[in-house]
Structure formats: structure tokens, C-alpha cells
Amino acid sequence: MRKKKKKPFFEKVMVVDAGAKGKTIGKAPDGRVIFLSNTVPGDVVDVQTLKKRKAYYEGVATVFHELSPKRTEPVCAHFGVCGGCKWQNMGYEHQLFYKQREVENNLRRIGHLDLPATTPILGAAEPYFYRNKMEFSFSNSRWMTLEEIRSDVAITDKDALGFHIPGMWDKILDIKKCHLQQDPSNAIRLETKEFSIRNGLSFFNPRKQEGLLRTLMLRTASTGEIMVLIQFFEDDTAKRELLLNHLQQTFPEITALLYVINQKKNDTIYDQEVHCHSGREYIMEEMEGLQFKINAKSFYQTNSRQAYELYKITRDFAGLTGEELVYDLYTGTGTIAQFVAKKAKKVVGIESVPDAIIAAKENAVHNKIENVDFFTGDMKTVFNDAFIAANGTPDVIITDPPRDGMHKDVVQQLLQIAPQKIVYVSCNSATQARDLALLKEKYQVTKVQPVDLFPQTHHVENVVLLEKL
């Protein structure tokens with residue numbers, strides 16, 4: 001039998017930088033880059049490589065010789081196992097530094113753009129307990145620690161309500177306290193789990209596709225309103241009512257207590273009917289006097305406070321005088337469109353999700369905004385010459401596409417109609433840079449403003465102003 005080659009082991013590697021997707025970077029003696037998942041720039045470590053590629057290694061630090069001054073003590077007991085807050089061991093000021101640099105590097109290296117002086121990244125005033133939406137999964141076979149597996153003690157508490165272990169679709173880490181969403185988020189989650197166990201309600205098994213309780217979603221608003229949605233796999237009225245009635249009585253502050261019966265192979269609820277057990281079917285979010293109805297399927301920026309800052313920057317970049325026709329591409333539930341409407345002559349929003357456009361229209365009526373129109377359809381097919389002819393040539397376009405960026409046909413249409421300004425909001429500066437490279441034949445980047453909506457993670461939003469040459 002052929003002997004397996006030992007994977008390379010490197011001693012005293014200096015971690016020199018932060019890379020993509022929350023990884024850090026060291027240099028191997030042979031010059032290759034090493035991507036690491038458990039270090040901070042400035043650490044000096046021994047590295048056991050796990051994968052070897054032509055240009056790089058992937059590895060893990062096994063011995064720490066020197067700890068970086070950029071380090072901070074993680075506040076969460078689950079750090080290092082839960083994949084949600086990969087940068088929690090790095091001081092927040094250093095997180096902001098690397099996020100800003102990633103944005104600038106992507107725009108220069110991928111977009112080959114000449115950039116103006118970039119405004120310093122806008123950090124979050126609240127680097128913890130900032131998320132307004134969290135989703136947790138139930139499991140009857142929770143993730144076990146190595147110590148538990150090696151222990152002689154029989155493990156009886158196997159039920160979990162928490163997060164998926166990174167890369168493992170069927171393994172759930174039981175969460176004791178999460179530092180991402182304000183109370184009563186933790187209290188509702190823990191009570192849901194404990195009551196269910198006390199009353200023999202079964203937790204889901206994704207491999208066998210059986211069990212009563214599947215997922216728990218918690219949404220909070222800056223108005224103080226709370227939504228709780230439980231996804232059940234089995235349709236058992238008595239058990240379902242038992243749990244929902246208990247939550248209603250224990251947490252009377254819940255505004256919308258909802259449930260879904262989902263017997264599909266996946267957890268997505270977008271094609272499922274949402275039922276209201278008590279309260280309303282939605283919660284209300286508020287921003288500058290505007291109110292937005294958020295239902296179970298609505299998209300809304302997950303950091304309400306920073307979303308307000310992001311939208312103010314977007315409106316400021318657009319430089320509206322009240323005379324402009326504005327298109328808001330990928331409008332979602334129309335939050336940006338309505339936010340800028342009072343400074344525009346008219347705003348036209350386009351979005352592919354029909355439910356989002358229904359919500360956008362309802363919100364506009366509720367907010368008494370009459371100078372907005374919303375249209376449903378796939379951007380690359382709806383946003384065509386006939387649409388422009390029917391709705392007018394825009395003076396300003398705001399675009400906030402998904403992580404994949406804009407389809408090349410959408411970019412070509414932007415070049416063809418050539419509005420005076422394009423404000424490009426992005427959650428992925430790499431795909432943003434790719435699109436900006438295509439637009440630079442007619443546009444110059446005049447402003448760049450990164451905004452941190454996701455402290456303790458590597459994710460960052462970026463707003464760019466393009467002005468016609």
C-alpha cells in the first residue's frame with residue numbers, strides 16, 4: 001500500500017495580513033501564501049497545512065509563539081467553533097482598517113480604477129447586538145466537542161437550537177448566548193428550547209427528515225417590535241399550539257408570532273405559507289419618519305442603525321435637487337427609493353421578487369409617498385429600451401445588487417442610457433469592482449465610502465459615486 005505523504009509543517013510563521021472571507025495570511029518558506037483561519041495579523045505561529053495548491057496552502061496554527069497586539073479577547077464562549085463572528089478576536093479598530101483596505105484593493109486591482117481619496121470607513125457605534133434578524137436551527141443530534149466524544153460519560157442532552165457548524169449542513173452548535181441580537185432574543189431562544197425539551201417536543205433530524213421543530217427566526221425593529229417565526233416539519237396541531245401559546249404568554253411583548261409547516265428538503269420559507277398564531281403578520285421599522293412594514297419574507301438591512309447611515313450616504317451621493325428622475329435598481333421592499341423620494345421629482349424601483357414589490361407599494365401608500373412607481377421582473381429583461389421609453393430616461397440611477405453584482409446586460413444598458421450619476425451600493429466590493437471596470441469607459445469614480453454593517457465579520461458595504469465623463 002502506498003504511504004500517504006505527510007502534509008508540510010512550518011515553524012514560526014509570521015501572519016502578515018488579513019485576506020478574503022475572514023482568512024489571515026502567512027508566508028511559507030517556499031514563498032507560497034498560507035491561508036489561516038485561527039490567527040490575527042501579527043501572530044507568530046507554527047502551521048500545520050491541511051491543503052496544498054499550486055500557489056498557496058491552507059492551514060491551521062497549532063502553536064502560538066507570539067500574540068499580535070491587534071488581538072482582543074473574544075466575548076463569546078462559542079468563538080472558534082461557531083463560524084458567525086470570525087474576527088471577534090481582533091480589535092474593532094483593526095477590523096475597520098482591513099475592511100477599508102480590502103475595498104480599496106479590490107477597486108484598484110480588479111477594477112483598475114483611479115480612485116479619489118477614500119473617505120474613512122464608517123464604523124458601527126454598536127459592534128455587538130446590532131442584528132435585527134437571526135435564524136437558528138433545531139437538531140436532535142447536536143455538535144459534540146472533542147472532549148465530549150472522548151469522554152466515558154454518556155451524553156444524554158443531544159438536542160440543540162443554534163447555528164450550523166461551518167461546512168456541515170447537518171451539525172448544529174447549541175448556542176447558550178449570542179452577542180449579535182439584542183434581548184429578548186437570547187431569552188426567547190433559550191425558553192423555546194427548554195420548554196420543548198420539558199414537554200417532549202421532538203427536534204428535527206435533517207438526515208432522516210423527521211421531527212417536529214425545524215427552525216426559529218427572530219426579527220427585531222428599532223421601534224421595539226418583535227417577530228418570532230417557528231418552522232415546523234410535522235403538522236401536529238396540539239404540540240404546535242402548546243409551544244406557541246406558551247411563548248405568547250411568557251413573552252407578551254412579541255408583536256408577530258408566526259409559524260410555517262415546511263416538509264420540503266430545505267429550510268427556505270419563500271415558497272411556503274406563513275400563518276399568524278397571534279398578533280400581527282408583520283413588524284414596523286422606522287427611519288426618518290418613514291415606516292416600513294417587515295413581514296417574514298421581507299428583505300431589510302440586518303443592521304438598522306447602520307442601514308440608516310448607508311441610506312443617508314446614498315442620498316447624499318445622489319445630490320438630488322428635487323428635479324431628477326431616479327431609478328432604484330434591485331429596490332427590494334423600496335426602502336432606498338422611499339428614503340430619497342422627497343428629494344427627487346420621481347423614483348422608479350425595479351425588483352425581481354413579487355412579494356417585495358407588493359410590500360414596497362404598501363409601504364409607499366402607508367407613508368403617503370406619491371412620486372414612486374415599482375415594477376417586478378428580472379432586471380436584465382425588464383430594464384430594457386421599452387421600459388426606458390415608457391418611464392423616462394433617468395438623471396440618476398441607484399443600484400444595490402446582490403453579492404453577484406449586476407448582469408452584464410444591465411451594465412450595458414447603463415452605458416447606453418448614460419445617466420449623469422450612478423450611485424452603486426454593494427455588499428461585495430470584488431463584484432462591484434468588476435462592474436465598475438465595465439462602466440469606466442463613460443464614468444469616473446468621484447466618491448468612495450465604505451460602511452461597516454457587520455462588525456466582528458469580514459463583510460463590508462461600499463458606496464461609490466460615478467459621474468459621467
# chains A, B, ... in the order shown; residues from 1 in each chain; ligands from 1
>>> residues_around(residues="Gly59 in chain A", least_positions_apart="5", cutoff="7 Å", atoms="only C-alpha atoms", output="mmCIF file with N, CA and C atoms, in the first residue's frame")
data_model
loop_
_atom_site.group_PDB
_atom_site.id
_atom_site.type_symbol
_atom_site.label_atom_id
_atom_site.label_comp_id
_atom_site.auth_asym_id
_atom_site.auth_seq_id
_atom_site.Cartn_x
_atom_site.Cartn_y
_atom_site.Cartn_z
ATOM 1 N N ILE A 34 0.050 31.182 2.779
ATOM 2 C CA ILE A 34 -0.701 30.238 3.617
ATOM 3 C C ILE A 34 -1.949 30.958 4.122
ATOM 4 N N PHE A 35 -3.115 30.390 3.820
ATOM 5 C CA PHE A 35 -4.366 30.933 4.338
ATOM 6 C C PHE A 35 -4.705 30.237 5.655
ATOM 7 N N LEU A 36 -4.901 31.043 6.685
ATOM 8 C CA LEU A 36 -5.146 30.524 8.034
ATOM 9 C C LEU A 36 -6.510 30.982 8.534
ATOM 10 N N VAL A 47 2.524 26.201 11.852
ATOM 11 C CA VAL A 47 1.377 25.924 10.990
ATOM 12 C C VAL A 47 1.400 24.480 10.513
ATOM 13 N N GLN A 48 0.279 23.795 10.721
ATOM 14 C CA GLN A 48 0.064 22.504 10.086
ATOM 15 C C GLN A 48 -0.796 22.739 8.847
ATOM 16 N N THR A 49 -0.236 22.445 7.675
ATOM 17 C CA THR A 49 -1.014 22.656 6.451
ATOM 18 C C THR A 49 -2.053 21.540 6.311
ATOM 19 N N LEU A 50 -3.177 21.898 5.723
ATOM 20 C CA LEU A 50 -4.272 20.946 5.506
ATOM 21 C C LEU A 50 -4.473 20.667 4.022
ATOM 22 N N LYS A 51 -4.211 21.679 3.189
ATOM 23 C CA LYS A 51 -4.318 21.517 1.738
ATOM 24 C C LYS A 51 -3.143 22.215 1.074
#
>>> select_by_dssp(residues="range 35-264 of chain A", states="alpha helix (DSSP H)", output="PyMOL selection string")
chain A and resi 92-109+146-150+185-198+237-250
>>> residues_around(residues="range 367-376 of chain A", least_positions_apart="6", cutoff="9 Å", atoms="only C-alpha atoms", output="JSON list (two decimals) with C-alpha atoms, in the first residue's frame")
[["chain", "number", "residue", "atom", "x", "y", "z"],
["A", 289, "GLY", "CA", -40.34, 59.31, 9.97],
["A", 290, "LEU", "CA", -40.89, 56.72, 7.23],
["A", 291, "GLN", "CA", -42.41, 53.42, 8.32],
["A", 292, "PHE", "CA", -41.69, 50.10, 6.66],
["A", 331, "THR", "CA", -35.09, 48.06, -4.92],
["A", 334, "GLY", "CA", -38.35, 50.01, -1.73],
["A", 337, "ALA", "CA", -36.49, 54.52, -3.16],
["A", 338, "GLN", "CA", -38.79, 55.94, -0.49],
["A", 341, "ALA", "CA", -38.20, 60.27, -2.83],
["A", 342, "LYS", "CA", -38.72, 63.55, -1.00],
["A", 344, "ALA", "CA", -36.50, 63.68, -6.19],
["A", 345, "LYS", "CA", -39.10, 64.53, -8.81],
["A", 346, "LYS", "CA", -39.92, 60.84, -9.23],
["A", 347, "VAL", "CA", -38.39, 57.47, -8.29],
["A", 348, "VAL", "CA", -38.84, 54.22, -10.23],
["A", 349, "GLY", "CA", -37.97, 50.99, -8.41],
["A", 350, "ILE", "CA", -37.35, 47.60, -10.04],
["A", 351, "GLU", "CA", -37.13, 44.27, -8.20],
["A", 352, "SER", "CA", -37.41, 40.59, -9.20],
["A", 353, "VAL", "CA", -39.25, 39.36, -6.07],
["A", 354, "PRO", "CA", -43.02, 39.94, -6.41],
["A", 356, "ALA", "CA", -41.04, 42.58, -2.13],
["A", 357, "ILE", "CA", -42.73, 44.86, -4.66],
["A", 358, "ILE", "CA", -46.14, 44.28, -3.04],
["A", 360, "ALA", "CA", -42.91, 48.35, -1.39],
["A", 361, "LYS", "CA", -46.22, 49.58, -2.80],
["A", 382, "VAL", "CA", -37.24, 44.32, -17.57]]
>>> residues_around(residues="Pro184 in chain A", least_positions_apart="4", cutoff="10 Å", atoms="only C-alpha atoms", output="MDAnalysis selection string")
chainID A and resid 188:190 218 220 226 251 253:254
>>> residues_around(residues="Thr39 in chain A", least_positions_apart="2", cutoff="9 Å", atoms="only C-alpha atoms", output="number ranges by chain")
A: 15, 23-25, 36-37, 41-45, 60-61, 67-68, 89
>>> closest_atom_pairs(of="range 41-123 of chain A", to="range 440-450 of chain A", cutoff="8 Å", atoms="only C-alpha atoms", output="CSV")
residue,atom,partner,partner_atom,distance
A:Gln100,CA,A:Pro450,CA,6.5
A:Val103,CA,A:Pro450,CA,7.2
A:Leu113,CA,A:Val445,CA,7.7
A:Asp114,CA,A:Val445,CA,7.4
A:Leu115,CA,A:Val445,CA,6.3
A:Pro116,CA,A:Thr446,CA,5.9
A:Ala117,CA,A:Lys447,CA,7.8
A:Thr118,CA,A:Val448,CA,5.3
A:Thr119,CA,A:Gln449,CA,5.5
A:Pro120,CA,A:Gln449,CA,7.1
A:Ile121,CA,A:Pro450,CA,4.7
A:Leu122,CA,A:Pro450,CA,6.4
>>> residues_around(residues="Phe203 in chain A", least_positions_apart="4", cutoff="6 Å", atoms="only C-alpha atoms", output="list in words")
Phe138, Ser139, Asn140, Gly211, Leu212 and Leu213 of chain A
>>> write_last_selection(atoms="C-alpha atoms", output="JSON list (two decimals), in the first residue's frame")
[["chain", "number", "residue", "atom", "x", "y", "z"],
["A", 138, "PHE", "CA", -33.14, 22.74, 15.78],
["A", 139, "SER", "CA", -31.32, 19.39, 15.84],
["A", 140, "ASN", "CA", -31.75, 16.17, 17.80],
["A", 211, "GLY", "CA", -39.02, 15.70, 13.98],
["A", 212, "LEU", "CA", -41.42, 18.48, 14.92],
["A", 213, "LEU", "CA", -39.23, 21.59, 15.34]]
>>> closest_residue(among="A:Lys239, A:Lys264, A:His459, A:Lys133", to="Tyr300 in chain A", atoms="only C-alpha atoms")
A:Lys133
>>> atom_distance(atom1="CA of Gly22 in chain A", atom2="CA of Ser304 in chain A")
23.2 Å
>>> select_by_dssp(residues="range 178-302 of chain A", states="strand (DSSP E)", output="mmCIF file with C-alpha atoms, in the first residue's frame")
data_model
loop_
_atom_site.group_PDB
_atom_site.id
_atom_site.type_symbol
_atom_site.label_atom_id
_atom_site.label_comp_id
_atom_site.auth_asym_id
_atom_site.auth_seq_id
_atom_site.Cartn_x
_atom_site.Cartn_y
_atom_site.Cartn_z
ATOM 1 C CA LEU A 213 -39.229 21.586 15.343
ATOM 2 C CA ARG A 214 -37.171 22.774 12.399
ATOM 3 C CA THR A 215 -36.066 26.444 12.664
ATOM 4 C CA LEU A 216 -36.583 29.582 14.735
ATOM 5 C CA MET A 217 -36.407 33.087 13.238
ATOM 6 C CA LEU A 218 -36.279 36.218 15.393
ATOM 7 C CA ARG A 219 -36.701 39.716 13.948
ATOM 8 C CA THR A 220 -36.489 42.916 15.976
ATOM 9 C CA ILE A 226 -40.525 41.701 17.768
ATOM 10 C CA MET A 227 -41.326 38.906 15.316
ATOM 11 C CA VAL A 228 -40.940 35.216 16.168
ATOM 12 C CA LEU A 229 -41.427 32.573 13.480
ATOM 13 C CA ILE A 230 -41.140 28.844 14.185
ATOM 14 C CA GLN A 231 -40.824 26.448 11.293
ATOM 15 C CA PHE A 232 -42.374 23.046 12.000
ATOM 16 C CA ALA A 256 -45.933 38.949 15.495
ATOM 17 C CA LEU A 257 -45.954 35.243 16.469
ATOM 18 C CA LEU A 258 -45.913 33.219 13.264
ATOM 19 C CA TYR A 259 -45.374 29.676 12.060
ATOM 20 C CA VAL A 260 -44.737 27.675 8.890
ATOM 21 C CA ILE A 261 -45.319 23.977 8.158
ATOM 22 C CA HIS A 275 -49.527 31.535 9.370
ATOM 23 C CA CYS A 276 -50.178 34.079 12.128
ATOM 24 C CA HIS A 277 -50.737 32.493 15.542
ATOM 25 C CA SER A 278 -51.157 35.778 17.420
ATOM 26 C CA GLY A 279 -50.534 39.492 16.990
ATOM 27 C CA TYR A 282 -45.570 41.974 10.356
ATOM 28 C CA ILE A 283 -43.496 44.366 12.440
ATOM 29 C CA MET A 284 -42.862 48.038 11.708
ATOM 30 C CA GLU A 285 -39.441 49.562 11.148
ATOM 31 C CA GLU A 286 -38.977 53.319 11.142
ATOM 32 C CA MET A 287 -36.416 55.590 9.543
ATOM 33 C CA LEU A 290 -40.888 56.720 7.231
ATOM 34 C CA GLN A 291 -42.406 53.416 8.317
ATOM 35 C CA PHE A 292 -41.690 50.099 6.659
ATOM 36 C CA LYS A 293 -43.804 47.002 7.099
ATOM 37 C CA ILE A 294 -41.489 43.995 7.562
ATOM 38 C CA ASN A 295 -43.071 40.574 7.098
#
>>> atom_distance(atom1="CA of Lys12 in chain A", atom2="CA of Lys52 in chain A")
18.7 Å
>>> residues_around(residues="range 71-74 of chain A", least_positions_apart="3", cutoff="7 Å", atoms="only C-alpha atoms", output="PDB file with C-alpha atoms, in the first residue's frame")
ATOM      1  CA  VAL A  40      -4.693  37.535  13.693  1.00  0.00           C
ATOM      2  CA  SER A  68      -0.401  40.013  17.922  1.00  0.00           C
ATOM      3  CA  PHE A  79     -15.958  31.784  19.321  1.00  0.00           C
ATOM      4  CA  GLN A  88     -14.129  38.643  17.191  1.00  0.00           C
ATOM      5  CA  ASN A  89     -10.533  38.072  18.350  1.00  0.00           C
ATOM      6  CA  MET A  90      -9.363  41.229  16.527  1.00  0.00           C
ATOM      7  CA  GLY A  91      -9.756  44.731  17.963  1.00  0.00           C
TER       8      GLY A  91
END
>>> closest_residue(among="A:Lys158, A:Asn106, A:Ser222, A:Ala18", to="Asp435 in chain A", atoms="only C-alpha atoms")
A:Asn106
